[in-house]
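Novice: Take this structure, written in structure tokens, and hold onto it; I'll ask about it next.
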Amino acid sequence: MTTTSPAAPALAVADAAPPRRRRSPRGRSEWKGLAFVAPFLVVFVLVFIAPVAYSVYLSLFREQLIGGNAFVGLDNYVALAQDPQFWESFGRVVLFLLVQVPIMLALALIAALAIDSARLHASGFFRIVIFLPYAVPAVVAVLMWGFMYGDQFGLAANLNDWLGSTVITPFAREWILVSIGNIVTWEFVGYNMLIFYSALRVIPTDLYEAAELDGAGPLRVVTGIKLPALRGAIVIATIFSIIGSFQLFNEPNILRTLAPNIITTYFTPNMYAYNLSFNGQQYNASATVAIVMGVITAVIAYVVQLRGSRKEDR
């Protein structure tokens, strides 16, 4: 009679079990992931982090007649806080933001709702036509509108001749901000319309069917389904518009050749920083303006995003 040891079955099971795979070291997998994102990180550091850091560095120094570029700490920021030209330009873009952005977003929202509705024929044609101005380069758009605004040679001059009076004066001091706002609105209504329209297209059709069964009319569908679904898109479009308003530069800078006595070198903060740097050789003051405007823009955009996300959570 033969006997087997108790360890024999365990050995048999161990021999039948498949061999375990050797796990790669954790550090090796992390290095692989880092290698994938390394190109982005390099570009991000070179085109964003490095310029911002250099601007902060410049804002803490000042070029002096004696001693050259000397460290002055926060003196440039104190001087900017007492600069009436900066506050005039800042107040101008704030007024532009409060008036132009709501009008532009309202027009874009109406256009998106109209195109998304089944009542509008040839919606694809209207979508392309409304979006087309955004495809026009900004410089070309401003030059085109500048020619139409001309009170000596353009469309405004022709209309004034036909009316027999100088009623239409886009380059007048009291109308210049409205004229610039009209150009910006014409350029970006289509862009914001596309954001709203994209958000409308992802609304589940079940909601529309349920609303139809409940007897909801078109207005109730808009207020009860479409507008709540657009809340996130409206927040994004608002943030983009705020950033664009504080970065206002191309339109007034190009129109300045047509209205040099109306559009000053400090018409907007960006123009002020540009002229301080390239025309006045005041690089430290220009960097200070850029840093202050960047911080203000980031704070306002964050507040808008925070309030929008809270409303969406509700």
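Chain labels A, B, ... are given in the sequence in which chains occur in the structure tokens; within each chain residues are numbered consecutively from 1, and ligands are likewise numbered from 1 in the order shown.
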Determine, counting only C-alpha atoms, which protein, DNA and RNA residues have an atom within 9 Å of an atom of Glu63 in chain A; residues of the same chain fewer than 6 positions away are not included. Present the result as a ChimeraX atom specification.

Specialist: /A:69-71,282-284

Novice: Excluding Phe240 in chain A and its own-chain neighbours fewer than 5 positions away, which residues fall within 9 Å of it when counting only C-alpha atoms? Please give them as a ChimeraX atom specification.

Specialist: /A:235,245,301

Novice: Taking only C-alpha atoms into account, which of A:Gly224, A:Pro133, A:Pro260, A:Gly294 comes nearest Gly190 in chain A?

Specialist: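 Counting only C-alpha atoms, the residue closest to Gly190 in chain A is A:Pro133.
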
Novice: Hey, can you check how far CA of Ile115 in chain A sits from CA of Ile195 in chain A?

Specialist: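 Atom-to-atom, CA of Ile115 in chain A and CA of Ile195 in chain A are spaced 12.6 Å apart.
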
Novice: Write out as a PyMOL selection string each polymer residue whose atoms come within 9 Å of Met271 in chain A, counting only C-alpha atoms; drop sequence neighbours fewer than 3 positions from it.

Specialist: chain A and resi 89+248-250+252-253+264-268+274-276

Novice: For the residues in the current selection, export all heavy atoms as a CSV table (one decimal), in the first residue's frame.

Specialist:
```csv
chain,number,residue,atom,x,y,z
A,89,SER,N,-9.0,104.1,-20.1
A,89,SER,CA,-9.0,103.0,-21.1
A,89,SER,C,-9.8,101.8,-20.5
A,89,SER,O,-10.5,101.1,-21.2
A,89,SER,CB,-7.6,102.6,-21.6
A,89,SER,OG,-6.9,102.1,-20.5
A,248,LEU,N,-9.5,93.9,-26.4
A,248,LEU,CA,-9.9,94.7,-27.6
A,248,LEU,C,-8.7,95.5,-28.1
A,248,LEU,O,-8.1,96.3,-27.4
A,248,LEU,CB,-11.0,95.6,-27.2
A,248,LEU,CG,-11.6,96.4,-28.3
A,248,LEU,CD1,-12.3,95.5,-29.3
A,248,LEU,CD2,-12.6,97.5,-27.8
A,249,PHE,N,-8.3,95.2,-29.3
A,249,PHE,CA,-7.1,95.8,-29.9
A,249,PHE,C,-7.2,96.1,-31.4
A,249,PHE,O,-7.0,97.2,-31.8
A,249,PHE,CB,-5.9,95.0,-29.6
A,249,PHE,CG,-4.6,95.5,-30.1
A,249,PHE,CD1,-3.9,96.6,-29.5
A,249,PHE,CD2,-4.1,95.0,-31.3
A,249,PHE,CE1,-2.8,97.1,-30.0
A,249,PHE,CE2,-2.9,95.5,-31.8
A,249,PHE,CZ,-2.2,96.6,-31.2
A,250,ASN,N,-7.5,95.0,-32.1
A,250,ASN,CA,-7.4,95.1,-33.6
A,250,ASN,C,-8.3,96.2,-34.1
A,250,ASN,O,-7.9,97.1,-35.0
A,250,ASN,CB,-7.8,93.8,-34.2
A,250,ASN,CG,-6.7,92.8,-34.2
A,250,ASN,OD1,-5.5,93.2,-34.1
A,250,ASN,ND2,-7.0,91.5,-34.1
A,252,PRO,N,-10.0,99.1,-32.8
A,252,PRO,CA,-9.6,100.5,-32.6
A,252,PRO,C,-8.2,100.8,-33.1
A,252,PRO,O,-8.0,101.9,-33.6
A,252,PRO,CB,-9.6,100.6,-31.1
A,252,PRO,CG,-9.5,99.3,-30.5
A,252,PRO,CD,-10.1,98.4,-31.5
A,253,ASN,N,-7.3,99.9,-33.1
A,253,ASN,CA,-5.9,100.2,-33.6
A,253,ASN,C,-5.9,100.4,-35.1
A,253,ASN,O,-5.2,101.3,-35.6
A,253,ASN,CB,-5.0,99.0,-33.2
A,253,ASN,CG,-3.5,99.4,-33.4
A,253,ASN,OD1,-3.0,100.4,-32.9
A,253,ASN,ND2,-2.8,98.6,-34.3
A,264,THR,N,-7.4,107.4,-29.3
A,264,THR,CA,-6.1,107.8,-28.8
A,264,THR,C,-5.2,106.5,-28.7
A,264,THR,O,-5.7,105.4,-28.9
A,264,THR,CB,-6.3,108.4,-27.4
A,264,THR,OG1,-6.9,107.5,-26.5
A,264,THR,CG2,-7.1,109.7,-27.4
A,265,THR,N,-4.0,106.8,-28.3
A,265,THR,CA,-3.0,105.7,-28.1
A,265,THR,C,-3.4,104.8,-26.9
A,265,THR,O,-2.9,103.7,-26.7
A,265,THR,CB,-1.6,106.2,-28.0
A,265,THR,OG1,-1.5,107.1,-26.9
A,265,THR,CG2,-1.2,106.9,-29.3
A,266,TYR,N,-4.2,105.3,-26.0
A,266,TYR,CA,-4.6,104.6,-24.8
A,266,TYR,C,-6.1,104.4,-24.8
A,266,TYR,O,-6.8,104.3,-23.8
A,266,TYR,CB,-4.2,105.4,-23.5
A,266,TYR,CG,-4.7,106.8,-23.5
A,266,TYR,CD1,-5.9,107.1,-22.9
A,266,TYR,CD2,-3.9,107.8,-24.0
A,266,TYR,CE1,-6.4,108.4,-22.9
A,266,TYR,CE2,-4.4,109.2,-24.0
A,266,TYR,CZ,-5.6,109.4,-23.4
A,266,TYR,OH,-6.0,110.7,-23.3
A,267,PHE,N,-6.7,104.1,-26.0
A,267,PHE,CA,-8.1,103.9,-26.2
A,267,PHE,C,-8.5,102.7,-25.4
A,267,PHE,O,-9.6,102.6,-24.8
A,267,PHE,CB,-8.4,103.8,-27.6
A,267,PHE,CG,-9.9,103.8,-27.9
A,267,PHE,CD1,-10.6,105.0,-27.9
A,267,PHE,CD2,-10.6,102.7,-28.2
A,267,PHE,CE1,-12.0,105.1,-28.2
A,267,PHE,CE2,-12.0,102.7,-28.4
A,267,PHE,CZ,-12.6,103.9,-28.4
A,268,THR,N,-7.7,101.6,-25.4
A,268,THR,CA,-8.0,100.4,-24.7
A,268,THR,C,-6.7,100.0,-23.9
A,268,THR,O,-5.6,100.5,-24.3
A,268,THR,CB,-8.4,99.2,-25.6
A,268,THR,OG1,-7.3,98.8,-26.4
A,268,THR,CG2,-9.6,99.6,-26.4
A,274,TYR,N,0.6,98.3,-25.7
A,274,TYR,CA,1.3,98.2,-27.0
A,274,TYR,C,2.1,99.5,-27.3
A,274,TYR,O,3.3,99.5,-27.7
A,274,TYR,CB,0.3,98.0,-28.1
A,274,TYR,CG,0.9,98.0,-29.5
A,274,TYR,CD1,1.5,96.8,-30.0
A,274,TYR,CD2,0.9,99.1,-30.3
A,274,TYR,CE1,2.1,96.8,-31.3
A,274,TYR,CE2,1.4,99.1,-31.6
A,274,TYR,CZ,2.0,98.0,-32.1
A,274,TYR,OH,2.5,98.0,-33.3
A,275,ASN,N,1.5,100.7,-27.1
A,275,ASN,CA,2.1,101.9,-27.4
A,275,ASN,C,3.2,102.3,-26.4
A,275,ASN,O,4.2,102.9,-26.7
A,275,ASN,CB,1.1,103.0,-27.5
A,275,ASN,CG,0.3,103.0,-28.8
A,275,ASN,OD1,0.8,103.3,-29.9
A,275,ASN,ND2,-1.0,102.5,-28.7
A,276,LEU,N,3.0,101.9,-25.1
A,276,LEU,CA,4.0,102.1,-24.1
A,276,LEU,C,5.3,101.3,-24.5
A,276,LEU,O,6.4,101.8,-24.3
A,276,LEU,CB,3.5,101.6,-22.8
A,276,LEU,CG,2.6,102.6,-22.0
A,276,LEU,CD1,2.1,101.9,-20.7
A,276,LEU,CD2,3.3,103.9,-21.7
```

Novice: Would you list the contacts of Ile263 in chain A as a PDB file with C-alpha atoms, in the first residue's frame, taking every protein, DNA or RNA residue within 10 Å and counting only C-alpha atoms, but skipping same-chain residues closer than 5 positions in sequence?

Specialist:
```pdb
ATOM      1  CA  PHE A 171     -16.245 108.409 -36.395  1.00  0.00           C
ATOM      2  CA  ALA A 172     -17.699 111.027 -34.071  1.00  0.00           C
ATOM      3  CA  ARG A 173     -16.464 110.939 -30.485  1.00  0.00           C
ATOM      4  CA  ILE A 176     -16.926 105.641 -32.083  1.00  0.00           C
ATOM      5  CA  LEU A 177     -17.440 103.000 -29.377  1.00  0.00           C
ATOM      6  CA  PRO A 252      -9.591 100.469 -32.596  1.00  0.00           C
ATOM      7  CA  ASN A 253      -5.935 100.178 -33.595  1.00  0.00           C
ATOM      8  CA  ILE A 254      -6.773  99.834 -37.295  1.00  0.00           C
ATOM      9  CA  LEU A 255      -9.511 102.471 -37.221  1.00  0.00           C
ATOM     10  CA  ARG A 256      -7.119 104.893 -35.550  1.00  0.00           C
ATOM     11  CA  THR A 257      -5.619 105.754 -38.947  1.00  0.00           C
ATOM     12  CA  LEU A 258      -9.081 106.966 -40.017  1.00  0.00           C
ATOM     13  CA  THR A 268      -7.999 100.386 -24.655  1.00  0.00           C
TER      14      THR A 268
END
```
